[in-house]
file coords24.txt (compact mmCIF, C-alpha atoms)
# COMPACT_ATOMS: atom_id res chain seq x y z
CA MET A 133 44.85 6.56 -23.20
CA THR A 134 42.02 5.40 -21.08
CA SER A 135 42.37 3.41 -17.96
CA SER A 136 40.97 -0.10 -18.08
CA SER A 137 41.33 -0.90 -14.42
CA PRO A 138 38.37 -2.69 -12.81
CA ALA A 139 37.61 0.32 -10.63
CA ALA A 140 37.29 2.59 -13.67
CA LEU A 141 34.82 0.37 -15.54
CA PRO A 142 31.13 1.02 -14.87
CA LYS A 143 29.12 -1.76 -13.29
CA LYS A 144 26.90 -3.66 -15.71
CA ARG A 145 23.66 -5.21 -14.53
CA ASN A 146 22.71 -8.62 -15.75
CA VAL A 147 20.04 -8.21 -18.46
CA VAL A 148 18.02 -11.19 -17.23
CA LEU A 149 17.87 -9.77 -13.72
CA VAL A 150 16.84 -6.36 -15.06
CA VAL A 151 13.97 -7.85 -17.08
CA LEU A 152 12.96 -10.03 -14.14
CA ASP A 153 13.03 -7.00 -11.83
CA ILE A 154 10.83 -4.97 -14.19
CA VAL A 155 8.35 -7.82 -14.69
CA ALA A 156 8.19 -8.57 -10.95
CA GLY A 157 7.76 -4.88 -10.15
CA VAL A 158 4.94 -4.42 -12.65
CA VAL A 159 3.14 -7.57 -11.44
CA LEU A 160 3.47 -6.40 -7.83
CA LEU A 161 2.18 -2.95 -8.80
CA VAL A 162 -0.89 -4.52 -10.43
CA ILE A 163 -1.49 -6.56 -7.26
CA SER A 164 -1.01 -3.43 -5.16
CA LEU A 165 -3.50 -1.53 -7.31
CA SER A 166 -6.11 -4.27 -7.00
CA LEU A 167 -5.59 -4.47 -3.24
CA GLY A 168 -5.87 -0.70 -3.02
CA LEU A 169 -9.17 -0.74 -4.90
CA GLY A 170 -10.43 -3.50 -2.60
CA VAL A 171 -9.47 -1.47 0.45
CA LEU A 172 -11.26 1.58 -0.96
CA LEU A 173 -14.42 -0.44 -1.53
CA SER A 174 -14.24 -1.85 1.99
CA ALA A 175 -13.72 1.62 3.43
CA VAL A 176 -16.87 2.84 1.68
CA GLN A 177 -18.78 -0.07 3.19
CA TYR A 178 -17.36 0.72 6.63
CA GLY A 179 -18.71 4.24 6.23
CA ALA A 180 -22.21 2.81 5.89
CA LEU A 181 -21.92 1.01 9.25
CA ASN A 182 -22.49 4.28 11.07
CA THR A 183 -26.11 4.48 9.88
CA GLY A 184 -27.03 1.39 11.92
CA CYS A 185 -26.08 3.05 15.18
CA GLY A 186 -28.89 4.74 17.01
CA ALA A 187 -29.41 6.02 20.49
CA GLY A 188 -28.67 3.33 23.01
CA PRO A 189 -26.68 2.40 26.08
CA TYR A 190 -23.40 1.93 24.22
CA GLN A 191 -20.12 2.28 26.07
CA GLY A 192 -16.57 2.61 24.85
CA LEU A 193 -15.97 2.56 21.12
CA THR A 194 -19.31 0.95 20.21
CA CYS A 195 -21.15 3.19 17.74
CA ASN A 196 -18.44 5.83 17.96
CA SER A 197 -18.81 7.71 14.69
CA THR A 198 -15.58 9.65 15.18
CA VAL A 199 -13.45 6.52 15.41
CA LEU A 200 -15.27 4.94 12.47
CA SER A 201 -14.74 8.07 10.35
CA ILE A 202 -11.04 8.11 11.20
CA VAL A 203 -10.75 4.45 10.21
CA VAL A 204 -12.59 5.00 6.93
CA TYR A 205 -10.52 8.01 5.88
CA GLY A 206 -7.34 6.38 7.16
CA LEU A 207 -7.96 3.25 5.08
CA MET A 208 -8.63 5.38 2.00
CA ALA A 209 -5.44 7.35 2.54
CA VAL A 210 -3.34 4.24 3.12
CA ALA A 211 -4.65 2.55 -0.01
CA VAL A 212 -3.95 5.54 -2.22
CA LEU A 213 -0.63 6.57 -0.69
CA ALA A 214 0.83 3.07 -0.53
CA PHE A 215 0.15 2.44 -4.21
CA PHE A 216 1.47 5.79 -5.41
CA LEU A 217 4.55 5.65 -3.19
CA GLY A 218 5.29 2.13 -4.40
CA LEU A 219 4.84 3.24 -8.01
CA GLY A 220 6.94 6.37 -7.56
CA PHE A 221 9.85 4.69 -5.85
CA PHE A 222 9.76 1.82 -8.37
CA VAL A 223 10.03 4.28 -11.27
CA VAL A 224 12.79 6.25 -9.53
CA ASN A 225 14.81 3.09 -8.91
CA MET A 226 14.38 1.99 -12.53
CA VAL A 227 15.63 5.38 -13.74
CA ARG A 228 18.57 5.17 -11.35
CA LYS A 229 19.24 1.61 -12.60
CA ARG A 230 18.75 -0.04 -9.23
CA TYR A 231 16.57 -2.93 -8.23
CA GLY A 232 13.12 -1.70 -7.30
CA PHE A 233 10.73 -4.64 -6.97
CA TYR A 234 10.81 -4.35 -3.19
CA TRP A 235 8.95 -1.01 -3.18
CA PRO A 236 5.69 -2.42 -4.59
CA LEU A 237 6.14 -5.42 -2.29
CA ALA A 238 6.43 -3.07 0.69
CA ALA A 239 3.32 -1.21 -0.51
CA ILE A 240 1.39 -4.49 -0.53
CA ILE A 241 2.57 -5.39 2.97
CA VAL A 242 1.68 -1.95 4.35
CA THR A 243 -1.73 -1.98 2.66
CA VAL A 244 -2.64 -5.44 3.96
CA GLY A 245 -1.31 -4.79 7.46
CA LEU A 246 -3.08 -1.49 7.92
CA PHE A 247 -6.26 -2.85 6.34
CA TYR A 248 -6.43 -5.55 9.00
CA LEU A 249 -5.68 -3.02 11.73
CA GLY A 250 -8.41 -0.72 10.41
CA SER A 251 -10.86 -3.61 10.10
CA TRP A 252 -10.19 -4.58 13.70
CA VAL A 253 -10.81 -1.02 14.92
CA ALA A 254 -13.95 -0.74 12.76
CA GLY A 255 -15.13 -4.04 14.24
CA LEU A 256 -14.83 -2.52 17.72
CA THR A 257 -17.27 0.22 16.78
CA VAL A 258 -20.01 -2.10 15.52
CA PRO A 259 -22.54 -3.12 18.20
call {"tool": "encode", "arguments": {"input": "coords24.txt", "output": "structure tokens"}}
result
Amino acid sequence: MTSSSPAALPKKRNVVLVVLDIVAGVVLLVISLSLGLGVLLSAVQYGALNTGCGAGPYQGLTCNSTVLSIVVYGLMAVAVLAFFLGLGFFVVNMVRKRYGFYWPLAAIIVTVGLFYLGSWVAGLTVP
């Protein structure tokens, strides 16, 4: 005989919530991918800013090619890593039958936040 106590029965997820979670996760992943591509294109354009800097009486971060290079490579790394981490954790949570839409959402938030931080630092280097 099998036990039919509530503790012995496996938890069942609501089918509507599962479909909604998958659809929301895929939509957020597409948005994350498009944001990542936009960040990569902006990082390439930031790399071209260094050619406008010549010899001059610049102080601080103005025309600092090291800082600009760090920002460019950092933005590229953030865009790629955020998308792939969001995708990976979303897939893992779907396999484990847990809600996973929040991973792509977190990837979008991290990408946007660090893009604005990188843009601010890149703006400090432009004369």
call {"tool": "closest_atom_pairs", "arguments": {"input": "coords24.txt", "of": "range 137-245 of chain A", "to": "range 249-255 of chain A", "cutoff": "7 Å", "atoms": "all atoms listed in the file", "output": "Markdown table"}}
result
| residue | atom | partner | partner_atom | distance |
| --- | --- | --- | --- | --- |
| A:Leu200 | CA | A:Ala254 | CA | 5.8 |
| A:Val203 | CA | A:Gly250 | CA | 5.7 |
| A:Leu207 | CA | A:Gly250 | CA | 6.7 |
| A:Gly245 | CA | A:Leu249 | CA | 6.4 |
call {"tool": "closest_residue", "arguments": {"input": "coords24.txt", "among": "A:Ser164, A:Thr243, A:Thr198, A:Ser174", "to": "Thr257 in chain A", "atoms": "only C-alpha atoms"}}
result
A:Thr198
call {"tool": "atom_distance", "arguments": {"input": "coords24.txt", "atom1": "CA of Gly170 in chain A", "atom2": "CA of Val212 in chain A"}}
result
11.1 Å
call {"tool": "closest_atom_pairs", "arguments": {"input": "coords24.txt", "of": "range 152-185 of chain A", "to": "range 222-235 of chain A", "cutoff": "7 Å", "atoms": "only C-alpha atoms", "output": "CSV"}}
result
residue,atom,partner,partner_atom,distance
A:Asp153,CA,A:Phe233,CA,5.9
A:Ala156,CA,A:Phe233,CA,6.1
A:Gly157,CA,A:Phe233,CA,4.4
call {"tool": "write_last_selection", "arguments": {"input": "coords24.txt", "atoms": "C-alpha atoms", "output": "PDB file, in the frame of the given file"}}
result
ATOM      1  CA  ASP A 153      13.030  -7.000 -11.830  1.00  0.00           C
ATOM      2  CA  ALA A 156       8.190  -8.570 -10.950  1.00  0.00           C
ATOM      3  CA  GLY A 157       7.760  -4.880 -10.150  1.00  0.00           C
TER       4      GLY A 157
END
call {"tool": "closest_atom_pairs", "arguments": {"input": "coords24.txt", "of": "range 186-233 of chain A", "to": "range 237-242 of chain A", "cutoff": "12 Å", "atoms": "only C-alpha atoms", "output": "Markdown table"}}
result
| residue | atom | partner | partner_atom | distance |
| --- | --- | --- | --- | --- |
| A:Leu207 | CA | A:Val242 | CA | 11.0 |
| A:Ala209 | CA | A:Val242 | CA | 11.9 |
| A:Val210 | CA | A:Val242 | CA | 8.1 |
| A:Ala211 | CA | A:Ala239 | CA | 8.8 |
| A:Val212 | CA | A:Ala239 | CA | 10.1 |
| A:Leu213 | CA | A:Ala239 | CA | 8.7 |
| A:Ala214 | CA | A:Ala239 | CA | 5.0 |
| A:Phe215 | CA | A:Ala239 | CA | 6.1 |
| A:Phe216 | CA | A:Ala239 | CA | 8.7 |
| A:Leu217 | CA | A:Ala239 | CA | 7.5 |
| A:Gly218 | CA | A:Ala239 | CA | 5.5 |
| A:Leu219 | CA | A:Ala239 | CA | 8.9 |
| A:Gly220 | CA | A:Ala239 | CA | 11.0 |
| A:Phe221 | CA | A:Ala239 | CA | 10.3 |
| A:Phe222 | CA | A:Leu237 | CA | 10.1 |
| A:Gly232 | CA | A:Leu237 | CA | 9.4 |
| A:Phe233 | CA | A:Leu237 | CA | 6.6 |
